[in-house]
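To start, the structure itself, in structure tokens.
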Amino acid sequence: MNDRAGIWTGSWVAERLGVGLVGDDDLTGLLGLALRRNPKRAHLLVSHVLGKHVPQSPSVIYGHGLALGRRVRELLGPDEAAAAVVLGYAETATGLGHSVADGLGPLACLHSTRRPVAGVAPAGGFEESHSHATSHLLLPEDPGLLAGDGPLVLVDDEFSTGNTVLNTVRALHERYPRRRYVVVALVDMRSPADAGRLDEFAREIGARVDLVAAASGTVRLPDGVLEKGQELVARYESEGAEGSARPATTDPHPADHRTLASRPPVTRVDLRWPRGLPDGARHGFTPAHRARLEAALPGMAARLAEALPAGARRVLVLGCEELMYAPLRLARELERIVPAEVRSSTTTRSPVLAVDDPGYAIRTRLVFPAHDDPADGPGERYAYNVAGAGFDAVIAVVDSPADTPALHAPDGLLARLAEHVPHVLLAVVPSYVPGARPERPVMLPEPLRGPAFSSYAPDEVGWLLQDLSDVTLEAPTEEREEAIQQGGAHYAESLPVEYQPSEQYQELFHAALDASAARLAQAVGAVTEVVLRERSPRPVLVSLARAGTPVGVLMRRWARFRHGLDLPHYAVSIVRGRGIDANALRWLAAHHDPADVVFVDGWTGKGAISRELAAAVAGFEASDGVTGFDPEIAVLADPGSCVRTYGTRDDFLIPSACLNSTVSGLVSRTVLRADLVGPHDFHGAKFYRELAGADLSPVFLDAVAARFPEVTDAVDLQAKELLAADRTPTWAGWAAVERISEEYGIHDVNLVKPGVGETTRVMLRRVPWKVLARTGAGADLDHVRLLAEQRGVPVEEVDGLPYTCVGLIHPRYTRGATGADGRAVTA
């Protein structure tokens, strides 16, 4: 296919080096020419229909693979075709091989790979001598895939010398001998000297070897072309091009050099890729896999279409190295349903000279670091003919091992794309893990969102809860306390009556918010930076409802403010003594990679919820066989030294602890009661719509987020210090609580609530006995002192208290409880 101006895209090389293509009439329509820095071959045949270096219509790309597959089917006949296995070559022909398999019929296919996979033993390997990266591995999940008697169909983009095919067949034939092989290529470019080698080799091994190609010809190479090509590459790379033709490592047209912070954020699209469906044929792809993919493609393409910017006229779906087939199929499905012109291509590890000339096949080049932890170490990767091509949007499709910090770095692929394309979308396909347990079918509803549930904006948080707003769940505080302490009811089976703050208390809240907003903003920024650096570059924030929810919203806002990230955020229920909502975990595992999930809470007290979460996740892994969830919580404040991921270990006032639902989106604490929550239901909660006039949720969020710009430098310093520090939990808070429990004759750590936040909860929701305050504690306790005064609760100052304050719940209902003086405690 020629350039739009009607110029052959190999003419630039042909004129300078005397290289030419001789063969079928449509050969120059399929191929262009470029130059590369390669000690064995200076020229590169650039296919216009492969979907690697040149963006092309996905229907054209897929259509060529299907057509070749149908020709193979006709060659073999129905019986042999049904028994065939297809093998594509990495990285360039992984998509082509899979497409050929689709055209051949419902059969298994495999492609070689250059990425070793832990736990999967190679079934073979071979060398591709002329390639930029020469070693290939074969990693089928089922070793028997290559052991059948049917024909083996080997697919590559070009058949140049035959060395790669001979190496492959020789290696496999020794282990898995068979009677017939079929070699498939878009173009057969063997020289006359190489043309007879395949027949000789077939006679040598006693098998039949056929060849099917879309076009054939040869490359005319004059004497000294390798040296001349290398000299030309070196000159153009070091000196620039003459006239209008120049080497372009970026867009030859002026790029948009906005800072990362000012560029539109990368939009992540949740494809909802079917769990357990391979992302390609690295470990084998069966007819059953194909049926699942075909069923899921329309829905996935619809989600991509919905995420595209309005009015987009030209869209690129960009795959990642070996990941060619899934992006191609997504692009082809997208092409069917959107009015935009859709193109597909893939990044590559092959370095090619870029020259901005219509007679040259590689017009522009984007350079970025490898982002998939390659076996051959770090290095440059490339995306060709993307910059300057007039794309309104690019959808980068990567597998989960390639969704790393390097992908999102300031010099990473996404940032380079954003320099030249107005809208960048990212879709991550979960990498298939051989041997993983299949997904358990779970029919669960979509998350609740505001304004139908909660006063938060719908994109701020999705609640993995069921709405119990119409159920009467509130009980008098003293009645609840008696039932809880005597074991007649669990605290999660009812709700306290919502505390309605006095005018004086509300004034304290606003004063506290004003005084602490900057400190909160700094803690939010610090913990978010630690999460992005250590846990995941694209974390899925999962707040523990409800205290964690405002913190999760703020962390999401920081990620957007500082890095342009649009992170998913959900709220789930965890109940002391009952564990986390397993159905919520199932929903998360079905929609996201569990390894990306980061659980979020406001603060730690004695660490009970940290322990509860760890036990619950371990139990879930045992029951469901789903691994990857990290139970460590990320919190703003960790005064109890219970976690590694925190913004600070100071015990200070977090104003969202001062109120109940009116600072948490008007949502109640969560409810778990057998008559309301069935085995296939999310835990429940109420939305107090009637309290809308008193809602301070947006006031709290906006006040803290408004301080983000002024704390940026402090956050960077604090995050650097945290990342360098030994943050191993000491569980000092738990030890302190045990000591206080015994010293005050309570003998129940659940009735000792350490820290400002936990003490505030005691004052608002439980029956407080007394408050222990660190001697000299200041304004952080003003609201606690006011609440204590209103409820007639004594505040006792204590020297050397490890927390700013500790709230003690009245043990009046606990048999044998005694006070500090040894006397029995009664109502």
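Residues in the structure tokens are numbered from 1 in each chain, the chains being A, B, ... in the order shown, and ligands are numbered from 1 in the order shown.
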Subject >> Surrounding residues of region 705-715 of chain A excluding itself and chain neighbours under 6 positions, 6 Å, only C-alpha atoms, as number ranges by chain >> reply: A: 518, 521-522, 525-526
Considering only C-alpha atoms, return as a PDB file with C-alpha atoms, in the first residue's frame whatever protein or nucleic-acid residues lie within 10 Å of Arg791 (chain A), sequence-local ones (same chain, fewer than 2 positions apart) excluded.
```
ATOM      1  CA  MET A 763     -18.503   9.749  72.174  1.00  0.00           C
ATOM      2  CA  LEU A 764     -20.844   9.768  69.182  1.00  0.00           C
ATOM      3  CA  VAL A 767     -21.730   4.620  75.975  1.00  0.00           C
ATOM      4  CA  PRO A 768     -18.477   6.273  77.067  1.00  0.00           C
ATOM      5  CA  TRP A 769     -17.143   5.718  80.563  1.00  0.00           C
ATOM      6  CA  ARG A 785     -13.924  17.845  75.642  1.00  0.00           C
ATOM      7  CA  LEU A 786     -17.156  19.447  74.438  1.00  0.00           C
ATOM      8  CA  LEU A 787     -18.771  16.071  73.775  1.00  0.00           C
ATOM      9  CA  ALA A 788     -17.584  14.811  77.135  1.00  0.00           C
ATOM     10  CA  GLU A 789     -19.096  17.836  78.854  1.00  0.00           C
ATOM     11  CA  VAL A 793     -18.084  11.955  80.846  1.00  0.00           C
ATOM     12  CA  PRO A 794     -14.941  12.694  82.853  1.00  0.00           C
TER      13      PRO A 794
END
```
Contacts of region 155-209 of chain A with region 92-97 of chain A up to 10 Å, shortest pair per row, only C-alpha atoms, as JSON lines:
```
{"residue": "A:Val155", "atom": "CA", "partner": "A:Gly97", "partner_atom": "CA", "distance": 5.2}
{"residue": "A:Asp156", "atom": "CA", "partner": "A:Ala93", "partner_atom": "CA", "distance": 5.2}
{"residue": "A:Asp157", "atom": "CA", "partner": "A:Ala93", "partner_atom": "CA", "distance": 5.6}
{"residue": "A:Glu158", "atom": "CA", "partner": "A:Ala93", "partner_atom": "CA", "distance": 9.0}
{"residue": "A:Val184", "atom": "CA", "partner": "A:Gly97", "partner_atom": "CA", "distance": 8.7}
{"residue": "A:Ala185", "atom": "CA", "partner": "A:Leu96", "partner_atom": "CA", "distance": 8.9}
{"residue": "A:Leu186", "atom": "CA", "partner": "A:Leu96", "partner_atom": "CA", "distance": 8.9}
```
Subject >> Which of region 266-493 of chain A DSSP labels helix (DSSP H, G or I), written as a ChimeraX atom specification >> reply: /A:287-307,325-337,400-402,405-408,413-418,477-485,491-493
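Residue neighbourhood of Gly65 (chain A), excluding near-sequence residues (fewer than 4 positions): Leu50, Val60, Ile61, Gly69, Arg70, Gly95, Leu96, Gly97, His98, Ser99, Val100, Ala101, Asp102, Gly103 and Leu186 of chain A, at 9 Å, using only C-alpha atoms.
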Atoms kept (C-alpha atoms) for selection, written as a PDB file, in the first residue's frame:
```pdb
ATOM      1  CA  LEU A  50       0.592  -6.462   9.530  1.00  0.00           C
ATOM      2  CA  VAL A  60      -7.564  -5.004   6.519  1.00  0.00           C
ATOM      3  CA  ILE A  61      -5.080  -6.484   9.002  1.00  0.00           C
ATOM      4  CA  GLY A  69      -5.947 -19.262   6.991  1.00  0.00           C
ATOM      5  CA  ARG A  70      -8.657 -20.108   4.486  1.00  0.00           C
ATOM      6  CA  GLY A  95      -1.459 -11.383  15.850  1.00  0.00           C
ATOM      7  CA  LEU A  96      -1.051 -12.692  12.321  1.00  0.00           C
ATOM      8  CA  GLY A  97      -0.651 -16.282  13.541  1.00  0.00           C
ATOM      9  CA  HIS A  98      -3.786 -16.042  15.647  1.00  0.00           C
ATOM     10  CA  SER A  99      -5.710 -14.533  12.722  1.00  0.00           C
ATOM     11  CA  VAL A 100      -4.552 -17.339  10.435  1.00  0.00           C
ATOM     12  CA  ALA A 101      -5.830 -19.819  13.021  1.00  0.00           C
ATOM     13  CA  ASP A 102      -9.219 -18.083  12.988  1.00  0.00           C
ATOM     14  CA  GLY A 103      -9.367 -18.436   9.213  1.00  0.00           C
ATOM     15  CA  LEU A 186       2.384 -12.437   4.135  1.00  0.00           C
TER      16      LEU A 186
END
```
**OP:** Point out the residue among A:Glu493, A:Asp782, A:Asp194, A:Glu529 with the least atom-to-atom distance to Leu672 (chain A), counting only C-alpha atoms.
**Re:** A:Glu493
